[in-house]
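*Asks:* The file below is start.cif, mmCIF, C-alpha atoms:
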```cif
data_coords
loop_
_atom_site.label_atom_id
_atom_site.label_comp_id
_atom_site.auth_asym_id
_atom_site.auth_seq_id
_atom_site.Cartn_x
_atom_site.Cartn_y
_atom_site.Cartn_z
CA MET A 14 -24.33 -48.04 28.74
CA ASN A 15 -24.36 -46.93 25.10
CA SER A 16 -24.51 -50.40 23.53
CA SER A 17 -26.96 -51.47 26.25
CA PHE A 18 -29.21 -48.53 25.40
CA ALA A 19 -29.36 -49.49 21.72
CA SER A 20 -29.84 -53.21 22.35
CA ARG A 21 -32.65 -52.64 24.85
CA LEU A 22 -34.33 -50.18 22.52
CA LEU A 23 -34.09 -52.50 19.50
CA ALA A 24 -35.45 -55.45 21.50
CA TRP A 25 -38.44 -53.31 22.48
CA PHE A 26 -38.87 -52.11 18.89
CA ASP A 27 -38.97 -55.67 17.58
CA ARG A 28 -41.98 -56.36 19.80
CA HIS A 29 -43.74 -53.03 20.08
CA GLY A 30 -42.46 -50.69 17.35
CA ARG A 31 -44.27 -49.52 14.23
CA HIS A 32 -43.44 -51.85 11.34
CA GLU A 33 -46.35 -51.22 8.97
CA LEU A 34 -46.06 -47.53 8.18
CA PRO A 35 -46.78 -46.89 4.48
CA TRP A 36 -43.36 -45.39 3.76
CA GLN A 37 -41.72 -48.57 5.04
CA HIS A 38 -43.26 -50.72 2.28
CA PRO A 39 -41.45 -50.24 0.01
CA ARG A 40 -38.83 -48.21 1.84
CA THR A 41 -37.30 -46.23 -1.01
CA ALA A 42 -35.27 -43.06 -0.58
CA TYR A 43 -38.02 -41.03 -2.27
CA ARG A 44 -40.79 -42.36 -0.03
CA VAL A 45 -38.70 -41.90 3.11
CA TRP A 46 -37.88 -38.34 2.06
CA VAL A 47 -41.51 -37.42 1.43
CA SER A 48 -42.55 -38.95 4.76
CA GLU A 49 -39.84 -37.15 6.70
CA ILE A 50 -40.84 -33.78 5.26
CA MET A 51 -44.49 -34.45 6.05
CA LEU A 52 -43.62 -35.58 9.58
CA GLN A 53 -41.90 -32.30 10.41
CA GLN A 54 -44.15 -30.81 13.12
CA THR A 55 -46.97 -33.24 12.22
CA ARG A 56 -48.10 -36.47 13.89
CA VAL A 57 -47.87 -39.85 12.15
CA GLU A 58 -51.61 -40.53 12.24
CA THR A 59 -52.26 -37.19 10.54
CA VAL A 60 -49.60 -37.76 7.88
CA ILE A 61 -50.59 -41.28 6.77
CA PRO A 62 -53.62 -40.42 4.58
CA TYR A 63 -51.84 -37.41 3.06
CA PHE A 64 -48.74 -39.50 2.34
CA THR A 65 -50.79 -42.23 0.67
CA ALA A 66 -52.65 -39.79 -1.59
CA PHE A 67 -49.46 -37.85 -2.36
CA VAL A 68 -47.37 -40.82 -3.49
CA ASP A 69 -50.31 -42.28 -5.41
CA ARG A 70 -50.33 -39.08 -7.47
CA PHE A 71 -46.55 -38.47 -7.43
CA PRO A 72 -45.10 -42.00 -7.24
CA ASP A 73 -41.49 -41.02 -7.84
CA LEU A 74 -39.18 -38.06 -7.89
CA SER A 75 -39.64 -37.38 -11.59
CA ALA A 76 -43.42 -37.25 -11.26
CA LEU A 77 -43.11 -34.73 -8.45
CA ALA A 78 -40.60 -32.58 -10.31
CA ASP A 79 -42.76 -32.53 -13.45
CA ALA A 80 -45.96 -31.59 -11.62
CA PRO A 81 -47.18 -27.98 -11.44
CA ILE A 82 -46.81 -26.43 -8.01
CA ASP A 83 -50.58 -25.80 -7.82
CA GLU A 84 -51.25 -29.52 -7.96
CA VAL A 85 -48.59 -30.27 -5.35
CA LEU A 86 -50.12 -27.70 -3.03
CA HIS A 87 -53.57 -29.14 -3.69
CA PHE A 88 -52.44 -32.55 -2.42
CA TRP A 89 -50.83 -30.83 0.58
CA SER A 90 -53.93 -28.76 1.43
CA GLY A 91 -54.89 -29.23 5.07
CA LEU A 92 -51.52 -30.60 6.16
CA GLY A 93 -50.21 -27.15 7.06
CA TYR A 94 -46.74 -25.58 7.02
CA TYR A 95 -46.98 -25.19 3.24
CA ALA A 96 -43.36 -24.12 2.84
CA ARG A 97 -42.60 -27.82 3.21
CA ALA A 98 -44.52 -28.59 0.01
CA ARG A 99 -42.87 -25.77 -1.91
CA ASN A 100 -39.43 -26.89 -0.72
CA LEU A 101 -40.19 -30.51 -1.61
CA HIS A 102 -41.14 -29.48 -5.13
CA ARG A 103 -38.07 -27.24 -5.54
CA ALA A 104 -35.78 -29.94 -4.18
CA ALA A 105 -37.22 -32.52 -6.61
CA ARG A 106 -36.39 -30.27 -9.56
CA ILE A 107 -32.88 -29.64 -8.22
CA VAL A 108 -32.28 -33.39 -7.83
CA ILE A 109 -33.40 -33.97 -11.43
CA GLU A 110 -31.19 -31.17 -12.74
CA CYS A 111 -28.10 -31.58 -10.53
CA HIS A 112 -28.06 -35.14 -9.16
CA ARG A 113 -29.21 -37.23 -12.13
CA GLY A 114 -32.57 -37.85 -10.52
CA GLN A 115 -31.18 -39.57 -7.43
CA LEU A 116 -31.28 -38.17 -3.89
CA PRO A 117 -27.66 -37.60 -2.89
CA GLN A 118 -26.20 -39.91 -0.26
CA ASP A 119 -23.64 -37.38 0.90
CA PRO A 120 -25.04 -35.71 4.06
CA ALA A 121 -23.81 -32.24 3.08
CA ALA A 122 -25.32 -32.48 -0.40
CA LEU A 123 -28.59 -33.74 1.04
CA GLU A 124 -28.72 -30.93 3.61
CA ALA A 125 -28.15 -28.41 0.82
CA LEU A 126 -31.54 -29.24 -0.68
CA PRO A 127 -34.47 -26.98 0.28
CA GLY A 128 -36.31 -28.10 3.40
CA ILE A 129 -33.75 -30.68 4.55
CA GLY A 130 -31.84 -29.97 7.74
CA ARG A 131 -29.34 -32.02 9.69
CA SER A 132 -31.83 -34.32 11.43
CA THR A 133 -34.00 -34.86 8.36
CA ALA A 134 -30.95 -35.69 6.22
CA ALA A 135 -29.77 -38.19 8.83
CA ALA A 136 -33.22 -39.78 9.06
CA ILE A 137 -33.35 -40.23 5.28
CA LEU A 138 -29.88 -41.78 5.12
CA ALA A 139 -30.49 -44.05 8.11
CA GLN A 140 -33.85 -45.35 6.96
CA ALA A 141 -33.25 -45.52 3.22
CA TYR A 142 -29.64 -46.74 3.25
CA ASP A 143 -29.18 -48.12 6.79
CA ARG A 144 -26.44 -45.58 7.47
CA PRO A 145 -25.59 -45.15 11.21
CA MET A 146 -26.67 -41.52 11.56
CA ALA A 147 -27.96 -39.67 14.62
CA ILE A 148 -31.28 -37.85 14.43
CA LEU A 149 -32.71 -35.23 16.76
CA ASP A 150 -36.35 -34.57 16.04
CA GLY A 151 -38.83 -33.51 18.73
CA ASN A 152 -39.46 -37.03 19.99
CA VAL A 153 -35.78 -37.88 20.21
CA ARG A 154 -34.96 -34.61 21.99
CA ARG A 155 -37.53 -35.46 24.64
CA VAL A 156 -36.22 -39.02 25.13
CA LEU A 157 -32.60 -37.94 25.45
CA ALA A 158 -33.30 -34.89 27.61
CA ARG A 159 -35.04 -37.16 30.10
CA HIS A 160 -32.72 -40.14 29.87
CA ARG A 161 -29.63 -38.02 30.53
CA ALA A 162 -31.39 -35.30 32.58
CA VAL A 163 -30.29 -32.48 30.27
CA ASP A 164 -31.42 -29.15 31.67
CA GLY A 165 -32.58 -26.25 29.52
CA TRP A 166 -34.86 -25.69 26.55
CA PRO A 167 -33.71 -27.88 23.59
CA GLY A 168 -34.08 -24.92 21.24
CA GLN A 169 -31.09 -23.23 22.86
CA ALA A 170 -27.80 -23.79 21.03
CA ARG A 171 -25.99 -25.04 24.13
CA VAL A 172 -28.69 -27.60 24.95
CA ALA A 173 -29.06 -28.71 21.32
CA SER A 174 -25.32 -29.27 21.06
CA ALA A 175 -25.33 -31.43 24.18
CA LEU A 176 -28.25 -33.48 22.87
CA TRP A 177 -26.56 -33.97 19.48
CA SER A 178 -23.45 -35.32 21.23
CA ILE A 179 -25.55 -37.78 23.22
CA ALA A 180 -27.51 -38.84 20.14
CA GLU A 181 -24.33 -39.52 18.18
CA SER A 182 -22.83 -41.55 21.03
CA LEU A 183 -25.81 -43.92 21.17
CA VAL A 184 -26.18 -44.87 17.48
CA PRO A 185 -25.31 -48.55 16.91
CA GLU A 186 -23.16 -49.69 14.01
CA SER A 187 -25.86 -52.01 12.68
CA ARG A 188 -29.66 -51.85 12.25
CA ALA A 189 -29.52 -48.09 11.80
CA ALA A 190 -32.90 -47.94 10.08
CA ASP A 191 -34.62 -49.86 12.87
CA TYR A 192 -32.82 -47.88 15.57
CA THR A 193 -33.88 -44.58 14.01
CA GLN A 194 -37.52 -45.68 13.83
CA ALA A 195 -37.28 -47.07 17.36
CA MET A 196 -36.12 -43.73 18.75
CA MET A 197 -39.01 -41.94 17.09
CA ASP A 198 -41.47 -44.61 18.25
CA LEU A 199 -40.23 -44.49 21.83
CA GLY A 200 -40.87 -40.76 22.00
CA ALA A 201 -44.24 -40.97 20.23
CA LEU A 202 -45.64 -44.03 22.02
CA VAL A 203 -43.98 -44.21 25.44
CA CYS A 204 -41.90 -41.17 26.39
CA THR A 205 -44.72 -38.79 25.55
CA ARG A 206 -44.88 -35.10 26.41
CA SER A 207 -47.49 -35.64 29.11
CA ARG A 208 -48.17 -38.79 31.15
CA PRO A 209 -45.22 -40.82 29.82
CA ALA A 210 -45.52 -44.58 30.31
CA CYS A 211 -42.26 -45.09 32.21
CA SER A 212 -43.32 -48.57 33.31
CA ARG A 213 -43.25 -49.66 29.65
CA CYS A 214 -40.00 -47.92 28.71
CA PRO A 215 -37.13 -50.26 27.76
CA VAL A 216 -34.49 -47.79 28.99
CA ALA A 217 -36.22 -46.66 32.19
CA GLY A 218 -33.72 -48.51 34.37
CA ASP A 219 -31.02 -45.86 33.93
CA CYS A 220 -33.20 -42.89 32.98
CA ARG A 221 -31.84 -40.07 35.12
CA ALA A 222 -35.01 -38.01 34.98
CA ARG A 223 -37.00 -40.95 36.34
CA LEU A 224 -34.43 -41.70 39.03
CA GLN A 225 -34.35 -38.04 40.05
CA GLY A 226 -38.13 -37.63 39.94
CA ARG A 227 -37.85 -34.98 37.19
CA VAL A 228 -39.70 -36.60 34.28
CA ALA A 229 -42.47 -34.00 34.30
CA GLU A 230 -40.07 -31.05 34.15
CA LEU A 231 -37.84 -32.31 31.33
CA PRO A 232 -37.26 -31.25 28.68
CA ALA A 233 -37.59 -27.68 29.83
CA PRO A 234 -40.33 -25.76 27.98
CA ARG A 235 -39.66 -22.87 25.68
CA PRO A 236 -39.42 -19.60 27.63
CA GLY A 237 -42.86 -18.02 27.79
CA ARG A 238 -43.85 -15.25 25.44
CA ALA A 239 -47.11 -13.51 24.67
CA MET A 240 -48.91 -14.70 21.56
CA PRO A 241 -50.05 -11.62 19.60
CA THR A 242 -53.29 -11.46 17.63
CA ARG A 243 -53.25 -10.05 14.12
CA THR A 244 -56.49 -8.79 12.59
CA ARG A 245 -56.94 -8.96 8.83
CA TRP A 246 -59.92 -8.44 6.50
CA ALA A 247 -60.85 -10.81 3.66
CA ALA A 248 -63.38 -10.57 0.83
CA LEU A 249 -65.81 -13.31 -0.08
CA VAL A 250 -66.68 -12.15 -3.59
CA ARG A 251 -69.42 -14.20 -5.25
CA SER A 252 -70.40 -13.99 -8.90
CA PRO A 253 -72.09 -16.29 -11.40
CA ALA A 254 -68.57 -17.38 -12.38
CA GLY A 255 -67.66 -18.57 -8.89
CA ILE A 256 -65.76 -17.26 -5.88
CA LEU A 257 -62.81 -14.93 -6.21
CA LEU A 258 -59.53 -16.50 -5.08
CA GLU A 259 -56.03 -15.12 -5.48
CA ARG A 260 -52.69 -16.80 -5.18
CA ARG A 261 -50.68 -15.62 -2.21
CA ALA A 262 -47.03 -14.63 -2.45
CA PRO A 263 -44.62 -17.61 -2.63
CA SER A 264 -43.14 -16.93 0.81
CA GLY A 265 -44.83 -16.33 4.13
CA ILE A 266 -48.00 -17.70 5.65
CA TRP A 267 -49.97 -19.93 3.25
CA GLY A 268 -47.39 -19.10 0.60
CA GLY A 269 -48.33 -20.13 -2.93
CA LEU A 270 -51.86 -21.20 -2.00
CA TYR A 271 -55.08 -19.70 -3.29
CA SER A 272 -57.12 -17.79 -0.73
CA LEU A 273 -59.59 -14.94 -0.34
CA PRO A 274 -58.30 -11.44 -1.12
CA GLU A 275 -57.06 -9.73 2.04
CA ALA A 276 -56.18 -6.30 3.39
CA ASP A 277 -54.99 -4.86 6.67
CA GLU A 278 -58.01 -2.59 7.10
CA ARG A 279 -61.69 -2.88 6.26
CA GLU A 280 -61.65 0.33 4.20
CA GLN A 281 -58.67 -0.87 2.19
CA LEU A 282 -60.47 -4.09 1.32
CA VAL A 283 -63.68 -2.32 0.29
CA ASP A 284 -61.74 0.17 -1.83
CA ARG A 285 -59.79 -2.63 -3.49
CA ILE A 286 -62.88 -4.59 -4.51
CA THR A 287 -65.05 -1.66 -5.58
CA ALA A 288 -62.20 -0.01 -7.49
CA ARG A 289 -62.02 -3.10 -9.71
CA TRP A 290 -65.75 -3.76 -9.93
CA ALA A 291 -67.96 -0.72 -9.38
CA GLU A 292 -71.02 -2.93 -9.43
CA ALA A 293 -69.81 -4.99 -6.45
CA ARG A 294 -72.28 -4.80 -3.60
CA GLU A 295 -71.15 -5.28 -0.03
CA GLN A 296 -73.53 -7.50 1.90
CA GLY A 297 -73.74 -5.57 5.18
CA ALA A 298 -71.35 -5.94 8.13
CA ALA A 299 -68.69 -8.58 8.54
CA SER A 300 -70.48 -11.84 7.77
CA ALA A 301 -68.06 -14.23 9.48
CA ARG A 302 -64.71 -14.53 11.18
CA ILE A 303 -61.95 -17.09 10.96
CA ALA A 304 -59.76 -17.66 14.01
CA HIS A 305 -56.57 -19.58 13.35
CA ALA A 306 -53.42 -20.05 15.42
CA PHE A 307 -50.02 -20.10 13.75
CA SER A 308 -46.80 -20.89 15.57
CA HIS A 309 -46.04 -17.25 16.38
CA TYR A 310 -49.37 -15.39 16.26
CA ARG A 311 -53.13 -15.78 16.19
CA LEU A 312 -55.03 -14.70 13.11
CA ASP A 313 -58.39 -12.96 13.42
CA LEU A 314 -59.66 -12.90 9.83
CA ARG A 315 -62.85 -10.92 9.36
CA ILE A 316 -64.87 -11.68 6.25
CA LEU A 317 -66.81 -9.18 4.14
CA GLU A 318 -69.13 -10.58 1.50
CA PHE A 319 -69.59 -8.95 -1.92
CA ARG A 320 -71.82 -9.96 -4.79
CA LEU A 321 -71.43 -9.28 -8.48
CA PRO A 322 -74.65 -9.51 -10.50
CA THR A 323 -73.00 -10.53 -13.76
CA VAL A 324 -70.04 -12.61 -14.87
CA PRO A 325 -66.97 -10.40 -14.29
CA TRP A 326 -64.22 -9.82 -16.79
CA GLY A 327 -60.54 -9.48 -16.05
CA ILE A 328 -58.64 -10.07 -12.84
CA MET A 329 -57.52 -7.97 -9.94
CA GLU A 330 -54.18 -6.27 -9.89
CA GLY A 331 -51.09 -7.92 -8.55
CA GLN A 332 -51.40 -11.59 -7.77
CA SER A 333 -52.76 -14.37 -9.96
CA THR A 334 -56.51 -14.48 -9.56
CA ILE A 335 -59.15 -17.05 -10.48
CA TRP A 336 -62.91 -17.38 -10.31
CA TYR A 337 -63.20 -20.65 -8.49
CA ASN A 338 -65.97 -23.10 -9.27
CA PRO A 339 -65.36 -26.66 -8.07
CA ALA A 340 -67.49 -28.08 -10.85
CA SER A 341 -65.22 -26.72 -13.56
CA SER A 342 -62.00 -25.39 -12.00
CA ASN A 343 -58.75 -27.30 -11.81
CA ALA A 344 -57.66 -28.48 -8.37
CA VAL A 345 -55.86 -25.78 -6.43
CA GLY A 346 -54.29 -25.66 -2.99
CA LEU A 347 -56.42 -23.98 -0.33
CA PRO A 348 -55.44 -23.24 3.28
CA ALA A 349 -57.39 -25.54 5.57
CA PRO A 350 -59.20 -22.71 7.43
CA ILE A 351 -60.35 -21.22 4.12
CA ALA A 352 -61.52 -24.61 2.84
CA ARG A 353 -63.47 -25.14 6.08
CA PHE A 354 -64.97 -21.67 5.86
CA LEU A 355 -66.20 -22.24 2.32
CA ARG A 356 -67.64 -25.59 3.31
CA ASP A 357 -69.40 -24.14 6.35
CA GLN A 358 -70.83 -21.35 4.21
CA GLY A 359 -72.45 -23.95 2.01
CA THR A 360 -70.04 -23.09 -0.81
CA PRO A 361 -68.55 -26.00 -2.75
CA HIS A 362 -64.80 -26.20 -2.54
CA ASP A 363 -62.01 -28.44 -3.72
CA GLY A 364 -62.66 -31.36 -1.42
CA THR A 365 -59.78 -30.94 1.02
CA ASN A 366 -60.66 -32.17 4.47
CA GLY A 367 -58.07 -29.85 6.12
#
```
Output the structure of this file as C-alpha cells.
*Replies:*
Amino acid sequence: MNSSFASRLLAWFDRHGRHELPWQHPRTAYRVWVSEIMLQQTRVETVIPYFTAFVDRFPDLSALADAPIDEVLHFWSGLGYYARARNLHRAARIVIECHRGQLPQDPAALEALPGIGRSTAAAILAQAYDRPMAILDGNVRRVLARHRAVDGWPGQARVASALWSIAESLVPESRAADYTQAMMDLGALVCTRSRPACSRCPVAGDCRARLQGRVAELPAPRPGRAMPTRTRWAALVRSPAGILLERRAPSGIWGGLYSLPEADEREQLVDRITARWAEAREQGAASARIAHAFSHYRLDLRILEFRLPTVPWGIMEGQSTIWYNPASSNAVGLPAPIARFLRDQGTPHDGTNG
C-alpha cells in the first residue's frame, strides 16, 4: 500500500499539481525556507505576492541578515503572525555567524534555528535537497487522518505521534521534493477541510474515512473553548509632524511593529498622552473601534483622537516612538488592522495592503 500510495500521488501531481510556484523557480534553499515560513498558517495565494516582494528586496540570506528589522517587518506587514518575520531575520544572522552563510543540511541543526520546527525543517530539506523526509503540516495532517481514519484532534500528542509514523512510512526513496509538494497540494486542492473532492482524489480507493463514510468528521476538530474578548484603548495623536506611532515590545502580539500607543483603560491612555503633552486636546468620545481576531482572543481596540497644535518635541517614555509621515518617513512595519484604520480615516500610511 505504501509504495502504491506514493506512486498514485506522484502520477496525480504530474498532471494536476502546482509546478509554477515562485519559490520553485529557482528552487534554492533560501527561497524554499522563506516560502515555508510564510506558508505557516497562511494560504499559498496570500503568500505569493508577499514572497515575490520579499525576495526582490532580500534576494539572498546575506541581504536578509544585513537588513534592519524595521525594513523586514515592513515587507511582512499585512501577512500576520509577525514572530515569523522576527525569527526569519534572527535565523539569517545566526546562519551567517555560525554556518558560514549556508542553511544547515543536518535536520537537528536546521530545527535549532528560530522559527523552524520538525515539519518545516523536513519540508526545506525535501524540497531544496530532494531528501526523503516526512512533513506534517495542516494539509498533510488532514490527508493522513482521513486516509487512515485516525481518530482524535491532531494537536494531541498521541494523535500527532500516530500521524508522524504514518507520514514517515509513506515517503518514497526518490522524488522527495515532488512528493512533498504533492502532499501539500492534495490537501490544499482536493482533500480540503470542507467539501473535499473525493472523486478527484488519487488515493480515494483505499481511503478509510471515505469507505467508512467519515470524511466529514475527520480529522477531529480542536475541543471547543470560549474565545475571550480583550478591550484596549489606543491614541490617534495628530500633529503637524505626523501621527504618533510607537514600536511594540519584541515579543507578543504585533511584536516589533509600530502601532498606536495603547493602554488597558481609557483614563490611563488620557493621562499618558496629556502628561507628555499638556497641550494635547482630546477630540471628544471614542472616535472609532478596531475589531480584530487573533488565534486565542478577540481584540476590541477603542480609539481616542488627540490633536497637538504645534510640532512636538521629544518622544514618549518607554518604547521607541516616531512621528509618522508617509511623505518623509522611512518604511516601517505596521499591523494590518492599524494600516487599514489609518487608510479608512483618510490618513496616509505606508502603503501596505494588509
*Asks:* Once the PyMOL selection byres ((chain A and resi 163) around 8) has been applied to the shown file, what residues remain in the selection, as a ChimeraX atom specification?
*Replies:* /A:157-159,161-162,164-165,172,175-176,231-232
*Asks:* I'd like the interatomic distance between atom CA of Arg40 of chain A and atom CA of Pro145 of chain A, to a tenth of an Å.
*Replies:* 16.5 Å
*Asks:* Near Ala139 of chain A, within 8 Å and counting all atoms listed in the file, which residues show up once chain neighbours fewer than 6 positions away are dropped, as a list in words?
*Replies:*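 With the cut-off at 8 Å, the set is Pro145, Met146, Ala189, Ala190 and Thr193 of chain A.
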*Asks:* Which is closest to Ala229 of chain A among A:Thr242, A:Ser182, A:Ser20, A:Thr205, if we use only C-alpha atoms?
*Replies:* A:Thr205
*Asks:* With all atoms listed in the file as the atoms that count, which of A:Pro215, A:Gly91, A:Pro234, A:Gly269 lies nearest to Gly200 of chain A?
*Replies:*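 Checking each candidate against Gly200 of chain A, we get A:Pro215 as the closest.
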*Asks:* Could you list, as a PyMOL selection string, every residue within 12 Å of Ala125 of chain A, counting all atoms listed in the file and ignoring same-chain residues fewer than 3 positions away?
*Replies:* chain A and resi 100+103-104+107-108+111+116-122+128-131+133-134
*Asks:* Write out as a PDB file with C-alpha atoms, in the coordinates of the input the residues lying within 12 Å of Thr287 of chain A, counting all atoms listed in the file and excluding same-chain residues fewer than 6 positions away.
*Replies:*
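Result file is part-v7.pdb:
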```pdb
ATOM      1  CA  ALA A 248     -63.380 -10.570   0.830  1.00  0.00           C
ATOM      2  CA  VAL A 250     -66.680 -12.150  -3.590  1.00  0.00           C
ATOM      3  CA  GLU A 280     -61.650   0.330   4.200  1.00  0.00           C
ATOM      4  CA  GLN A 281     -58.670  -0.870   2.190  1.00  0.00           C
ATOM      5  CA  ALA A 293     -69.810  -4.990  -6.450  1.00  0.00           C
ATOM      6  CA  ARG A 294     -72.280  -4.800  -3.600  1.00  0.00           C
ATOM      7  CA  GLU A 295     -71.150  -5.280  -0.030  1.00  0.00           C
ATOM      8  CA  PHE A 319     -69.590  -8.950  -1.920  1.00  0.00           C
ATOM      9  CA  ARG A 320     -71.820  -9.960  -4.790  1.00  0.00           C
ATOM     10  CA  LEU A 321     -71.430  -9.280  -8.480  1.00  0.00           C
ATOM     11  CA  MET A 329     -57.520  -7.970  -9.940  1.00  0.00           C
TER      12      MET A 329
END
```
*Asks:* What do you get, as a ChimeraX atom specification, if you spell out every residue that the PyMOL selection byres ((chain A and resi 184) around 10) selects here?
*Replies:* /A:15-16,18-19,145-148,179-183,185-189,192-193
*Asks:* Would you list the residues near (-43.2, -42.3, -0.6) (no more than 6 Å away, in the coordinates of the file, using all atoms listed in the file) as a list in words?
*Replies:*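 Within the cut-off we find Trp36, Tyr43, Arg44, Val45, Val47 and Val68 of chain A.
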*Asks:* Could you please take those selected residues and save C-alpha atoms as a tab-separated table (two decimals), in the frame of the given file?
*Replies:*
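Generated output (part18.tsv):
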```tsv
chain	number	residue	atom	x	y	z
A	36	TRP	CA	-43.36	-45.39	3.76
A	43	TYR	CA	-38.02	-41.03	-2.27
A	44	ARG	CA	-40.79	-42.36	-0.03
A	45	VAL	CA	-38.70	-41.90	3.11
A	47	VAL	CA	-41.51	-37.42	1.43
A	68	VAL	CA	-47.37	-40.82	-3.49
```
*Asks:* To one decimal in Å, tell me the separation between atom CA of Gly226 of chain A and atom CA of Ala201 of chain A.
*Replies:*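 Between atom CA of Gly226 of chain A and atom CA of Ala201 of chain A the gap works out to 20.9 Å.
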*Asks:* Can you work out the spacing between atom CA of Ile50 of chain A and atom CA of Leu22 of chain A in Å, to one decimal?
*Replies:* 24.7 Å
*Asks:* Kindly compute an axis-aligned box around the listed atoms of segment 111-127 of chain A, allowing 5 Å on each side, and express its centre and edge lengths in Å to one decimal as lines of an AutoDock Vina configuration file.
*Replies:*
```
center_x = -29.1
center_y = -33.4
center_z = -4.0
size_x = 20.8
size_y = 22.9
size_z = 26.2
```
*Asks:* Let me make sure I understand: among A:Ser178, A:Gly151, A:Gln169, A:Asp198, which one has the smallest atom-to-atom distance to Asp27 of chain A if we use only C-alpha atoms?
*Replies:*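 Distance minimum relative to Asp27 of chain A lands on A:Asp198.
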*Asks:* Using all atoms listed in the file, find the one residue out of A:Glu58, A:Ala276, A:Leu347, A:Leu52 that sits nearest to Arg260 of chain A.
*Replies:* A:Leu347
